[in-house]
Structures are given as C-alpha cells and as structure tokens.
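Enquirer: For reference, this is coords.tsv, and it has TSV, C-alpha atoms.
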chain	number	residue	atom	x	y	z
A	1201	MET	CA	-27.51	3.22	-0.68
A	1202	ASP	CA	-28.04	-0.44	0.06
A	1203	ILE	CA	-28.44	-1.02	3.82
A	1204	ALA	CA	-25.99	-3.95	3.79
A	1205	VAL	CA	-23.27	-1.80	2.21
A	1206	LYS	CA	-23.93	1.00	4.71
A	1207	GLN	CA	-23.58	-1.51	7.55
A	1208	ARG	CA	-20.27	-2.74	6.07
A	1209	ILE	CA	-18.97	0.82	5.94
A	1210	ASP	CA	-20.13	1.45	9.52
A	1211	SER	CA	-18.33	-1.73	10.58
A	1212	LEU	CA	-15.12	-0.69	8.79
A	1213	LEU	CA	-15.26	2.73	10.43
A	1214	SER	CA	-15.67	1.22	13.89
A	1215	SER	CA	-12.65	-1.06	13.37
A	1216	SER	CA	-10.08	1.68	14.01
A	1217	PRO	CA	-9.99	5.32	15.19
A	1218	ILE	CA	-8.42	6.40	11.87
A	1219	VAL	CA	-9.67	4.77	8.67
A	1220	VAL	CA	-8.70	5.73	5.12
A	1221	PHE	CA	-10.73	4.62	2.11
A	1222	MET	CA	-8.15	4.74	-0.66
A	1223	LYS	CA	-6.88	3.24	-3.88
A	1224	GLY	CA	-4.43	0.54	-2.84
A	1225	SER	CA	-3.10	-0.06	0.66
A	1226	LYS	CA	-0.87	1.83	3.03
A	1227	LEU	CA	1.99	-0.39	1.90
A	1228	MET	CA	1.23	0.11	-1.79
A	1229	PRO	CA	-0.90	3.17	-2.62
A	1230	GLN	CA	-2.27	3.05	-6.17
A	1231	CYS	CA	-2.63	6.79	-6.80
A	1232	GLY	CA	-0.78	9.96	-5.87
A	1233	PHE	CA	-3.58	11.36	-3.72
A	1234	SER	CA	-3.80	8.15	-1.69
A	1235	ASN	CA	-0.01	8.17	-1.36
A	1236	ASN	CA	-0.12	11.76	-0.04
A	1237	VAL	CA	-2.53	10.74	2.72
A	1238	VAL	CA	-0.45	7.69	3.68
A	1239	GLN	CA	2.75	9.74	3.81
A	1240	ILE	CA	1.13	12.41	5.99
A	1241	LEU	CA	-0.32	9.88	8.44
A	1242	ASN	CA	2.95	7.91	8.54
A	1243	SER	CA	4.88	11.11	9.28
A	1244	LEU	CA	2.68	11.69	12.33
A	1245	GLY	CA	3.45	8.19	13.59
A	1246	LEU	CA	-0.16	7.41	14.41
A	1247	PRO	CA	-1.80	4.03	13.75
A	1248	PHE	CA	-4.39	3.91	10.99
A	1249	GLU	CA	-6.20	1.35	8.87
A	1250	THR	CA	-6.95	1.45	5.16
A	1251	PHE	CA	-9.57	-0.04	2.89
A	1252	ASP	CA	-8.73	-0.58	-0.78
A	1253	VAL	CA	-11.74	0.66	-2.76
A	1254	LEU	CA	-10.28	-0.93	-5.90
A	1255	SER	CA	-11.01	-4.33	-4.34
A	1256	ASP	CA	-14.72	-3.61	-3.84
A	1257	GLN	CA	-16.71	-1.60	-6.38
A	1258	GLU	CA	-19.79	-1.57	-4.15
A	1259	VAL	CA	-17.95	0.17	-1.31
A	1260	ARG	CA	-16.07	2.37	-3.79
A	1261	GLN	CA	-19.34	3.90	-5.00
A	1262	ALA	CA	-21.20	3.82	-1.69
A	1263	ILE	CA	-18.48	5.62	0.31
A	1264	LYS	CA	-18.93	8.68	-1.92
A	1265	GLU	CA	-22.63	8.77	-1.08
A	1266	TYR	CA	-21.94	7.97	2.59
A	1267	SER	CA	-19.70	11.03	3.01
A	1268	GLU	CA	-21.30	13.21	0.36
A	1269	TRP	CA	-17.75	13.63	-0.97
A	1270	PRO	CA	-17.09	12.74	-4.63
A	1271	THR	CA	-13.45	11.66	-4.52
A	1272	ILE	CA	-11.11	9.07	-3.05
A	1273	PRO	CA	-9.18	8.98	-0.72
A	1274	GLN	CA	-11.42	9.70	2.23
A	1275	VAL	CA	-10.16	9.97	5.80
A	1276	TYR	CA	-12.35	9.24	8.82
A	1277	VAL	CA	-11.49	9.86	12.46
A	1278	ASN	CA	-13.64	8.15	15.07
A	1279	GLY	CA	-16.20	7.51	12.33
A	1280	GLU	CA	-16.38	11.17	11.28
A	1281	PHE	CA	-15.40	12.21	7.75
A	1282	ILE	CA	-12.46	14.61	7.87
A	1283	GLY	CA	-11.69	15.07	4.18
A	1284	GLY	CA	-9.55	13.99	1.27
A	1285	SER	CA	-5.97	14.55	0.23
A	1286	ASP	CA	-6.14	18.34	-0.21
A	1287	ILE	CA	-7.85	18.91	3.13
A	1288	LEU	CA	-5.37	16.65	4.92
A	1289	ILE	CA	-2.46	18.54	3.36
A	1290	GLU	CA	-3.92	21.87	4.54
A	1291	MET	CA	-4.59	20.51	8.03
A	1292	TYR	CA	-1.09	19.02	8.21
A	1293	ASN	CA	0.62	22.23	7.11
A	1294	SER	CA	-1.31	24.29	9.66
A	1295	GLY	CA	-0.66	21.84	12.52
A	1296	GLU	CA	-4.38	21.24	12.90
A	1297	LEU	CA	-4.17	17.60	11.78
A	1298	ARG	CA	-1.75	16.49	14.50
A	1299	GLU	CA	-3.89	18.21	17.11
A	1300	THR	CA	-7.14	16.75	15.77
A	1301	LEU	CA	-5.77	13.21	15.58
A	1302	THR	CA	-4.03	13.35	18.96
A	1303	VAL	CA	-7.27	14.47	20.65
A	1304	ALA	CA	-9.31	11.85	18.76
A	1305	LEU	CA	-6.98	9.01	19.69
A	1306	ALA	CA	-6.94	10.08	23.34
A	1307	SER	CA	-10.72	9.87	23.64
Can you turn what I pasted into structure tokens?
Expert:
Amino acid sequence: MDIAVKQRIDSLLSSSPIVVFMKGSKLMPQCGFSNNVVQILNSLGLPFETFDVLSDQEVRQAIKEYSEWPTIPQVYVNGEFIGGSDILIEMYNSGELRETLTVALAS
C-alpha cells in the first residue's frame, strides 16, 4: 500500500471515534449493506462519520488491504476495525455493539 494513502486512511480514522468506510454517505447510502450499517448506528443515536469509497478509488482499494477485510462497508471504532455489515448486525442483536460503542466513546 502506498504510504500516502495509508496516511490518509490514518487521518480519516483519527477524525472521529466511529468511522464507516462505505458506498455513499450516511444521508444517502449506495448499497444495502452500507444502509444496514447506517441504520444500526442511527438507531443507537451515537455520532459517526462516513467516507464514501465510491468517490476515491485509491482509498476504496487500500482500505481492504488496511483492514485485511475484502468487503465494504467497514466500521472502525477508535481506529480499530470492528467489522462489516454482518458483524455489526450480530453485535447489535446481541447487545454487544451498544456496549462496545458506549465504552469506546467514553474513553
């Protein structure tokens, strides 16, 4: 991965405690999986930022290498990769997501 792209990703991750790399934006998700993540995070009422990978092919490819995760969306909490849509759904249904995010935002 190009060092400049890695630094851009690091900078994006440090911009907010919860960052979602997704297709589209939180106001207009461009795929069902991205929409699932936005709906889950909105339901928890916690602030989060998004990055539209459709607007930047370099980041779109690099984020997959960065996380060693092949799909989009990708959710990061305090710079740590949490997972994609399926993992967030599982964590939400078990109650683990609210707990994880509440602790992360408190720190």
Enquirer: Please, which residues in stretch 1223-1249 of chain A fall within 8 Å of stretch 1265-1283 of chain A when counting all atoms listed in the file, and what is the closest atom pair and distance in Å to one decimal for each, ordered by chain then residue number, as a Markdown table?
Expert:
| residue | atom | partner | partner_atom | distance |
| --- | --- | --- | --- | --- |
| A:Lys1223 | CA | A:Pro1273 | CA | 6.9 |
| A:Phe1233 | CA | A:Pro1273 | CA | 6.8 |
| A:Ser1234 | CA | A:Pro1273 | CA | 5.5 |
| A:Val1237 | CA | A:Pro1273 | CA | 7.7 |
Enquirer: Report, in Å with one decimal, the straight-line distance from atom CA of A:Phe1221 to atom CA of A:Ile1263.
Expert: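 Value for the atom CA of A:Phe1221-atom CA of A:Ile1263 distance: 8.0 Å.
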Enquirer: For each of A:Glu1249, A:Glu1258, A:Ala1306, A:Ser1285, take the minimum atom-to-atom distance to A:Ala1204, counting all atoms listed in the file, then give the residue where this is smallest.
Expert: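 Ranking A:Glu1249, A:Glu1258, A:Ala1306, A:Ser1285 by distance to A:Ala1204, first place goes to A:Glu1258.
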Enquirer: Give as a PyMOL selection string every residue, naming chains and numbers as the document does, that has an atom within 12 Å of (3.5, 11.7, 12.4), counting all atoms listed in the file.
Expert: chain A and resi 1237-1248+1292+1295+1297-1299+1301-1302
Enquirer: Keeping C-alpha atoms, export the residues of the selection given above as a short mmCIF file (atom, residue, chain, number, x, y, z; two decimals), in the frame of the given file.
Expert:
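Writing done, so here's result_9.cif:
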data_model
loop_
_atom_site.label_atom_id
_atom_site.label_comp_id
_atom_site.auth_asym_id
_atom_site.auth_seq_id
_atom_site.Cartn_x
_atom_site.Cartn_y
_atom_site.Cartn_z
CA VAL A 1237 -2.53 10.74 2.72
CA VAL A 1238 -0.45 7.69 3.68
CA GLN A 1239 2.75 9.74 3.81
CA ILE A 1240 1.13 12.41 5.99
CA LEU A 1241 -0.32 9.88 8.44
CA ASN A 1242 2.95 7.91 8.54
CA SER A 1243 4.88 11.11 9.28
CA LEU A 1244 2.68 11.69 12.33
CA GLY A 1245 3.45 8.19 13.59
CA LEU A 1246 -0.16 7.41 14.41
CA PRO A 1247 -1.80 4.03 13.75
CA PHE A 1248 -4.39 3.91 10.99
CA TYR A 1292 -1.09 19.02 8.21
CA GLY A 1295 -0.66 21.84 12.52
CA LEU A 1297 -4.17 17.60 11.78
CA ARG A 1298 -1.75 16.49 14.50
CA GLU A 1299 -3.89 18.21 17.11
CA LEU A 1301 -5.77 13.21 15.58
CA THR A 1302 -4.03 13.35 18.96
#
Enquirer: Rank A:Leu1212, A:Ile1287, A:Ile1203, A:Leu1227 by their smallest atom-to-atom distance to A:Phe1251, using only C-alpha atoms, and report the top residue only.
Expert: A:Leu1212
Enquirer: As an exercise, work out the distance from atom CA of A:Asp1286 to atom CA of A:Pro1217 in Å and give it to one decimal place.
Expert: 20.5 Å
